[in-house]
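Enquirer: Structure in structure tokens, see below.
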Amino acid sequence: MADSDLTAMRRKALRRGLMSEYVAAVFLMLKGYRILALRHRTRLGEIDIIARKGDLAVFVEVKARRGEAAAVDAVSAAAQKRIRAASDLWLARQVDQARLSQRYDIVAVMPGRLPRHFPDAF
């Protein structure tokens, strides 16, 4: 495969990922969550979505897959560890950190279907 083909495939995957994150964010807003950050980057990793509902901070990994099981299975133990570490950095910078509860969710975005939200997924 030529370098230009790989570059085009990477761009397409990036666009699909970005669109999936926006779809997931809108879906969560419709469920009453306030979106605080999209693609929050830290030195320890990236969190796709940081949302809040009352005193609950929710760190969301978004996966675009053909099925729910594939999306949930795609969040590896290493990814979970990275997200937890990045969330610790984010929480440490919050003024009201002491009263916040935290949760780690997955949102599966599948073609032709509504997203599926898995609260407390890991």
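Lettering and numbering for the structure tokens are positional, with chains as A, B, ... in the shown order, residues counted from 1 in each chain, and ligands counted from 1 in the shown order.
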Return as a Markdown table the residues of stretch 34-114 of chain A lying at most 12 Å from stretch 17-29 of chain A, together with the closest atom-to-atom pair for each and the distance in Å to one decimal, counting only C-alpha atoms, with rows in chain order and ascending residue number.
Expert:
```
| residue | atom | partner | partner_atom | distance |
| --- | --- | --- | --- | --- |
| A:Arg34 | CA | A:Met29 | CA | 6.0 |
| A:Ile35 | CA | A:Ala25 | CA | 6.8 |
| A:Leu36 | CA | A:Ala25 | CA | 9.9 |
| A:Ala37 | CA | A:Ala25 | CA | 9.5 |
| A:Leu38 | CA | A:Glu21 | CA | 7.6 |
| A:Arg39 | CA | A:Glu21 | CA | 8.4 |
| A:His40 | CA | A:Glu21 | CA | 11.8 |
| A:Ile47 | CA | A:Glu21 | CA | 10.7 |
| A:Asp48 | CA | A:Glu21 | CA | 6.9 |
| A:Ile49 | CA | A:Ala25 | CA | 7.2 |
| A:Ile50 | CA | A:Ala25 | CA | 9.2 |
| A:Ala51 | CA | A:Leu28 | CA | 8.2 |
| A:Arg52 | CA | A:Met29 | CA | 9.8 |
| A:Lys53 | CA | A:Met29 | CA | 9.8 |
| A:Val58 | CA | A:Leu28 | CA | 10.5 |
| A:Phe59 | CA | A:Ala25 | CA | 11.6 |
| A:Val60 | CA | A:Ala24 | CA | 9.2 |
| A:Glu61 | CA | A:Glu21 | CA | 8.8 |
| A:Val62 | CA | A:Glu21 | CA | 6.1 |
| A:Lys63 | CA | A:Ser20 | CA | 7.4 |
| A:Ala64 | CA | A:Ser20 | CA | 6.2 |
| A:Arg65 | CA | A:Ser20 | CA | 9.8 |
| A:Ala71 | CA | A:Ser20 | CA | 12.0 |
| A:Asp105 | CA | A:Leu28 | CA | 11.0 |
| A:Ile106 | CA | A:Ala24 | CA | 9.6 |
| A:Val107 | CA | A:Ala24 | CA | 6.5 |
| A:Ala108 | CA | A:Ala24 | CA | 8.0 |
| A:Val109 | CA | A:Ser20 | CA | 6.1 |
| A:Met110 | CA | A:Ser20 | CA | 8.7 |
| A:Pro111 | CA | A:Ser20 | CA | 9.9 |
| A:Arg113 | CA | A:Val23 | CA | 11.2 |
| A:Leu114 | CA | A:Phe27 | CA | 8.4 |
```
Enquirer: Would you mind reading off the distance between atom CA of A:Ser87 and atom CA of A:Leu14, one decimal, in Å?
Expert: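 We find that atom CA of A:Ser87 and atom CA of A:Leu14 lie 22.6 Å from each other.
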Enquirer: Using only C-alpha atoms, pick whichever of A:Tyr33, A:Gln80, A:Trp90, A:Arg15 has the shortest atom-to-atom distance to A:Asp55.
Expert: A:Tyr33
Enquirer: Could you work out how far atom CA of A:Arg41 lies from atom CA of A:Arg16, giving the answer in Å with one decimal?
Expert: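 Between atom CA of A:Arg16 and atom CA of A:Arg41 the gap is 18.8 Å.
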Enquirer: Between A:Ala121, A:Ile83, A:Leu6, A:Leu100, which one has atoms that come closest to A:Ala57, using only C-alpha atoms?
Expert: A:Leu100
Enquirer: Step one, run DSSP on the backbone; step two, keep only residues of chain A assigned to alpha helix (DSSP H); then write them as JSON, numbers by chain.
Expert: {"A": [3, 4, 5, 6, 7, 8, 9, 10, 11, 12, 13, 14, 15, 16, 17, 18, 19, 20, 21, 22, 23, 24, 25, 26, 27, 28, 29, 30, 68, 69, 70, 71, 72, 73, 77, 78, 79, 80, 81, 82, 83, 84, 85, 86, 87, 88, 89, 90, 91, 92]}
Enquirer: Put those residues in a file: N, CA and C atoms, as a short mmCIF file (atom, residue, chain, number, x, y, z; two decimals), in the first residue's frame.
Expert:
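Generated output (selection.cif):
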```cif
data_model
loop_
_atom_site.label_atom_id
_atom_site.label_comp_id
_atom_site.auth_asym_id
_atom_site.auth_seq_id
_atom_site.Cartn_x
_atom_site.Cartn_y
_atom_site.Cartn_z
N ASP A 3 2.18 5.16 0.55
CA ASP A 3 2.09 6.09 1.68
C ASP A 3 0.88 7.00 1.57
N SER A 4 0.55 7.42 0.36
CA SER A 4 -0.61 8.31 0.19
C SER A 4 -1.91 7.60 0.56
N ASP A 5 -1.99 6.29 0.27
CA ASP A 5 -3.18 5.53 0.64
C ASP A 5 -3.31 5.42 2.16
N LEU A 6 -2.17 5.18 2.83
CA LEU A 6 -2.18 5.10 4.29
C LEU A 6 -2.57 6.44 4.91
N THR A 7 -2.04 7.51 4.35
CA THR A 7 -2.37 8.84 4.85
C THR A 7 -3.86 9.11 4.69
N ALA A 8 -4.42 8.76 3.54
CA ALA A 8 -5.85 8.96 3.30
C ALA A 8 -6.68 8.13 4.27
N MET A 9 -6.26 6.90 4.54
CA MET A 9 -6.99 6.04 5.48
C MET A 9 -6.93 6.61 6.89
N ARG A 10 -5.77 7.14 7.27
CA ARG A 10 -5.65 7.73 8.61
C ARG A 10 -6.54 8.96 8.74
N ARG A 11 -6.57 9.78 7.69
CA ARG A 11 -7.44 10.97 7.72
C ARG A 11 -8.91 10.58 7.85
N LYS A 12 -9.30 9.55 7.10
CA LYS A 12 -10.68 9.09 7.16
C LYS A 12 -11.02 8.56 8.56
N ALA A 13 -10.10 7.80 9.16
CA ALA A 13 -10.32 7.27 10.51
C ALA A 13 -10.41 8.41 11.52
N LEU A 14 -9.56 9.42 11.37
CA LEU A 14 -9.59 10.57 12.27
C LEU A 14 -10.92 11.31 12.15
N ARG A 15 -11.38 11.53 10.92
CA ARG A 15 -12.68 12.20 10.72
C ARG A 15 -13.82 11.39 11.33
N ARG A 16 -13.79 10.08 11.14
CA ARG A 16 -14.84 9.22 11.70
C ARG A 16 -14.80 9.29 13.23
N GLY A 17 -13.60 9.29 13.80
CA GLY A 17 -13.47 9.39 15.25
C GLY A 17 -13.98 10.71 15.79
N LEU A 18 -13.62 11.81 15.12
CA LEU A 18 -14.09 13.13 15.55
C LEU A 18 -15.61 13.23 15.47
N MET A 19 -16.17 12.75 14.36
CA MET A 19 -17.63 12.79 14.20
C MET A 19 -18.31 11.94 15.27
N SER A 20 -17.74 10.80 15.58
CA SER A 20 -18.32 9.93 16.62
C SER A 20 -18.30 10.62 17.98
N GLU A 21 -17.22 11.34 18.27
CA GLU A 21 -17.13 12.06 19.55
C GLU A 21 -18.18 13.16 19.62
N TYR A 22 -18.40 13.88 18.51
CA TYR A 22 -19.44 14.93 18.51
C TYR A 22 -20.83 14.32 18.66
N VAL A 23 -21.08 13.21 17.99
CA VAL A 23 -22.38 12.53 18.11
C VAL A 23 -22.59 12.08 19.56
N ALA A 24 -21.56 11.51 20.16
CA ALA A 24 -21.66 11.05 21.55
C ALA A 24 -21.90 12.24 22.49
N ALA A 25 -21.23 13.36 22.25
CA ALA A 25 -21.40 14.55 23.11
C ALA A 25 -22.84 15.06 23.03
N VAL A 26 -23.39 15.14 21.84
CA VAL A 26 -24.78 15.60 21.69
C VAL A 26 -25.72 14.62 22.38
N PHE A 27 -25.47 13.34 22.20
CA PHE A 27 -26.29 12.31 22.84
C PHE A 27 -26.27 12.47 24.36
N LEU A 28 -25.09 12.70 24.93
CA LEU A 28 -24.99 12.88 26.38
C LEU A 28 -25.69 14.17 26.83
N MET A 29 -25.59 15.23 26.04
CA MET A 29 -26.29 16.48 26.39
C MET A 29 -27.79 16.26 26.42
N LEU A 30 -28.30 15.47 25.48
CA LEU A 30 -29.74 15.18 25.47
C LEU A 30 -30.15 14.37 26.70
N GLU A 68 -22.09 -3.13 19.59
CA GLU A 68 -21.85 -2.70 20.97
C GLU A 68 -20.71 -3.47 21.63
N ALA A 69 -20.73 -4.78 21.48
CA ALA A 69 -19.71 -5.61 22.12
C ALA A 69 -18.32 -5.25 21.62
N ALA A 70 -18.20 -5.03 20.32
CA ALA A 70 -16.90 -4.67 19.76
C ALA A 70 -16.42 -3.33 20.31
N ALA A 71 -17.34 -2.41 20.52
CA ALA A 71 -16.97 -1.09 21.07
C ALA A 71 -16.48 -1.22 22.51
N VAL A 72 -17.20 -1.96 23.31
CA VAL A 72 -16.80 -2.13 24.72
C VAL A 72 -15.49 -2.89 24.81
N ASP A 73 -15.35 -3.93 24.01
CA ASP A 73 -14.12 -4.74 24.03
C ASP A 73 -12.91 -3.96 23.53
N ALA A 77 -7.33 -2.67 28.77
CA ALA A 77 -6.89 -2.36 30.13
C ALA A 77 -5.89 -1.20 30.11
N ALA A 78 -5.04 -1.18 29.10
CA ALA A 78 -4.06 -0.09 28.98
C ALA A 78 -4.77 1.25 28.75
N ALA A 79 -5.81 1.24 27.91
CA ALA A 79 -6.57 2.47 27.66
C ALA A 79 -7.28 2.92 28.94
N GLN A 80 -7.84 1.99 29.69
CA GLN A 80 -8.50 2.33 30.94
C GLN A 80 -7.52 2.97 31.91
N LYS A 81 -6.34 2.41 32.01
CA LYS A 81 -5.31 2.95 32.90
C LYS A 81 -4.91 4.37 32.47
N ARG A 82 -4.76 4.58 31.17
CA ARG A 82 -4.41 5.89 30.63
C ARG A 82 -5.50 6.92 30.94
N ILE A 83 -6.75 6.54 30.75
CA ILE A 83 -7.87 7.45 30.99
C ILE A 83 -7.96 7.79 32.48
N ARG A 84 -7.78 6.81 33.33
CA ARG A 84 -7.80 7.07 34.78
C ARG A 84 -6.69 8.03 35.19
N ALA A 85 -5.49 7.82 34.64
CA ALA A 85 -4.37 8.70 34.97
C ALA A 85 -4.64 10.13 34.49
N ALA A 86 -5.15 10.27 33.27
CA ALA A 86 -5.47 11.60 32.74
C ALA A 86 -6.59 12.25 33.55
N SER A 87 -7.56 11.46 33.99
CA SER A 87 -8.66 12.02 34.78
C SER A 87 -8.17 12.50 36.14
N ASP A 88 -7.19 11.81 36.71
CA ASP A 88 -6.62 12.25 37.99
C ASP A 88 -6.00 13.64 37.85
N LEU A 89 -5.31 13.87 36.74
CA LEU A 89 -4.73 15.20 36.49
C LEU A 89 -5.82 16.25 36.37
N TRP A 90 -6.88 15.92 35.63
CA TRP A 90 -7.98 16.87 35.44
C TRP A 90 -8.64 17.19 36.78
N LEU A 91 -8.92 16.14 37.56
CA LEU A 91 -9.57 16.33 38.85
C LEU A 91 -8.73 17.18 39.80
N ALA A 92 -7.43 16.99 39.76
CA ALA A 92 -6.55 17.74 40.66
C ALA A 92 -6.62 19.25 40.41
#
```
Enquirer: What is the distance between atom CA of A:Gly112 and atom CA of A:Arg66, in Å to one decimal?
Expert: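 That distance, rounded to one decimal, is 9.5 Å.
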Enquirer: Can you list every residue in chain A that DSSP puts in strand (DSSP E or B), as a PyMOL selection string?
Expert: chain A and resi 34-42+45-53+56-64+101-109+116-118
Enquirer: Using the selection just defined, write its residues with N, CA and C atoms as a CSV table (one decimal), in the first residue's frame.
Expert:
```
chain,number,residue,atom,x,y,z
A,34,ARG,N,-23.6,17.9,31.1
A,34,ARG,CA,-23.0,19.1,30.6
A,34,ARG,C,-21.6,18.8,30.1
A,35,ILE,N,-21.3,19.1,28.9
A,35,ILE,CA,-20.0,18.7,28.3
A,35,ILE,C,-19.0,19.8,28.7
A,36,LEU,N,-17.9,19.3,29.4
A,36,LEU,CA,-16.9,20.3,29.9
A,36,LEU,C,-15.7,20.3,28.9
A,37,ALA,N,-15.4,19.1,28.3
A,37,ALA,CA,-14.3,19.1,27.4
A,37,ALA,C,-14.4,18.0,26.4
A,38,LEU,N,-14.0,18.2,25.2
A,38,LEU,CA,-13.9,17.2,24.1
A,38,LEU,C,-12.4,17.0,23.8
A,39,ARG,N,-11.9,15.8,23.7
A,39,ARG,CA,-10.5,15.5,23.4
A,39,ARG,C,-9.6,16.2,24.3
A,40,HIS,N,-9.8,16.1,25.6
A,40,HIS,CA,-9.0,16.7,26.6
A,40,HIS,C,-7.6,16.0,26.7
A,41,ARG,N,-6.5,16.7,26.4
A,41,ARG,CA,-5.2,16.1,26.4
A,41,ARG,C,-4.4,16.5,27.6
A,42,THR,N,-3.7,15.5,28.1
A,42,THR,CA,-2.8,15.7,29.3
A,42,THR,C,-1.5,15.0,28.9
A,45,GLY,N,-2.2,11.3,28.7
A,45,GLY,CA,-3.1,10.7,27.8
A,45,GLY,C,-4.3,11.6,27.5
A,46,GLU,N,-5.2,11.1,26.7
A,46,GLU,CA,-6.3,11.9,26.2
A,46,GLU,C,-7.6,11.3,26.7
A,47,ILE,N,-8.6,12.2,27.0
A,47,ILE,CA,-9.9,11.7,27.4
A,47,ILE,C,-10.9,12.3,26.3
A,48,ASP,N,-11.7,11.4,25.7
A,48,ASP,CA,-12.5,11.8,24.6
A,48,ASP,C,-13.5,12.9,25.1
A,49,ILE,N,-14.3,12.6,26.1
A,49,ILE,CA,-15.3,13.5,26.6
A,49,ILE,C,-15.2,13.6,28.2
A,50,ILE,N,-15.2,14.8,28.7
A,50,ILE,CA,-15.4,15.0,30.1
A,50,ILE,C,-16.8,15.7,30.3
A,51,ALA,N,-17.6,15.1,31.0
A,51,ALA,CA,-19.0,15.6,31.2
A,51,ALA,C,-19.3,15.7,32.7
A,52,ARG,N,-20.3,16.4,33.0
A,52,ARG,CA,-20.7,16.6,34.4
A,52,ARG,C,-22.2,16.6,34.5
A,53,LYS,N,-22.7,16.0,35.6
A,53,LYS,CA,-24.1,16.0,35.9
A,53,LYS,C,-24.1,16.1,37.4
A,56,LEU,N,-21.2,14.8,39.8
A,56,LEU,CA,-20.6,13.6,39.2
A,56,LEU,C,-19.8,14.1,37.9
A,57,ALA,N,-18.5,13.8,38.0
A,57,ALA,CA,-17.6,14.0,36.8
A,57,ALA,C,-17.6,12.7,36.0
A,58,VAL,N,-17.9,12.7,34.8
A,58,VAL,CA,-17.9,11.5,33.9
A,58,VAL,C,-16.8,11.6,32.9
A,59,PHE,N,-16.0,10.6,32.8
A,59,PHE,CA,-14.9,10.5,31.8
A,59,PHE,C,-15.3,9.4,30.8
A,60,VAL,N,-15.5,9.9,29.6
A,60,VAL,CA,-16.1,9.0,28.6
A,60,VAL,C,-15.1,8.7,27.5
A,61,GLU,N,-15.0,7.4,27.2
A,61,GLU,CA,-14.3,6.9,26.0
A,61,GLU,C,-15.3,6.6,24.9
A,62,VAL,N,-15.1,7.1,23.7
A,62,VAL,CA,-16.0,6.9,22.6
A,62,VAL,C,-15.4,5.9,21.7
A,63,LYS,N,-16.2,5.0,21.2
A,63,LYS,CA,-15.7,4.0,20.3
A,63,LYS,C,-16.7,3.9,19.1
A,64,ALA,N,-16.3,4.0,17.9
A,64,ALA,CA,-17.1,3.8,16.7
A,64,ALA,C,-16.8,2.4,16.2
A,101,SER,N,-17.8,13.2,42.6
A,101,SER,CA,-17.7,11.8,42.4
A,101,SER,C,-17.2,11.6,41.0
A,102,GLN,N,-16.6,10.4,40.7
A,102,GLN,CA,-16.2,10.2,39.3
A,102,GLN,C,-16.6,8.9,38.8
A,103,ARG,N,-16.8,8.8,37.5
A,103,ARG,CA,-17.3,7.6,36.8
A,103,ARG,C,-16.6,7.5,35.4
A,104,TYR,N,-16.4,6.3,35.0
A,104,TYR,CA,-15.8,6.1,33.7
A,104,TYR,C,-16.8,5.3,32.8
A,105,ASP,N,-17.2,6.0,31.7
A,105,ASP,CA,-18.3,5.4,30.8
A,105,ASP,C,-17.7,5.2,29.4
A,106,ILE,N,-18.4,4.4,28.7
A,106,ILE,CA,-18.1,4.2,27.3
A,106,ILE,C,-19.4,4.5,26.5
A,107,VAL,N,-19.2,5.2,25.4
A,107,VAL,CA,-20.3,5.4,24.4
A,107,VAL,C,-19.9,4.8,23.1
A,108,ALA,N,-20.8,3.8,22.7
A,108,ALA,CA,-20.6,3.1,21.4
A,108,ALA,C,-21.4,3.8,20.4
A,109,VAL,N,-20.7,4.2,19.3
A,109,VAL,CA,-21.4,4.9,18.2
A,109,VAL,C,-21.3,3.9,17.0
A,116,ARG,N,-25.0,4.1,22.1
A,116,ARG,CA,-25.4,3.3,23.3
A,116,ARG,C,-24.4,3.7,24.4
A,117,HIS,N,-25.0,4.1,25.5
A,117,HIS,CA,-24.2,4.6,26.7
A,117,HIS,C,-24.1,3.5,27.7
A,118,PHE,N,-22.8,3.2,28.1
A,118,PHE,CA,-22.5,2.2,29.1
A,118,PHE,C,-22.0,3.0,30.3
```
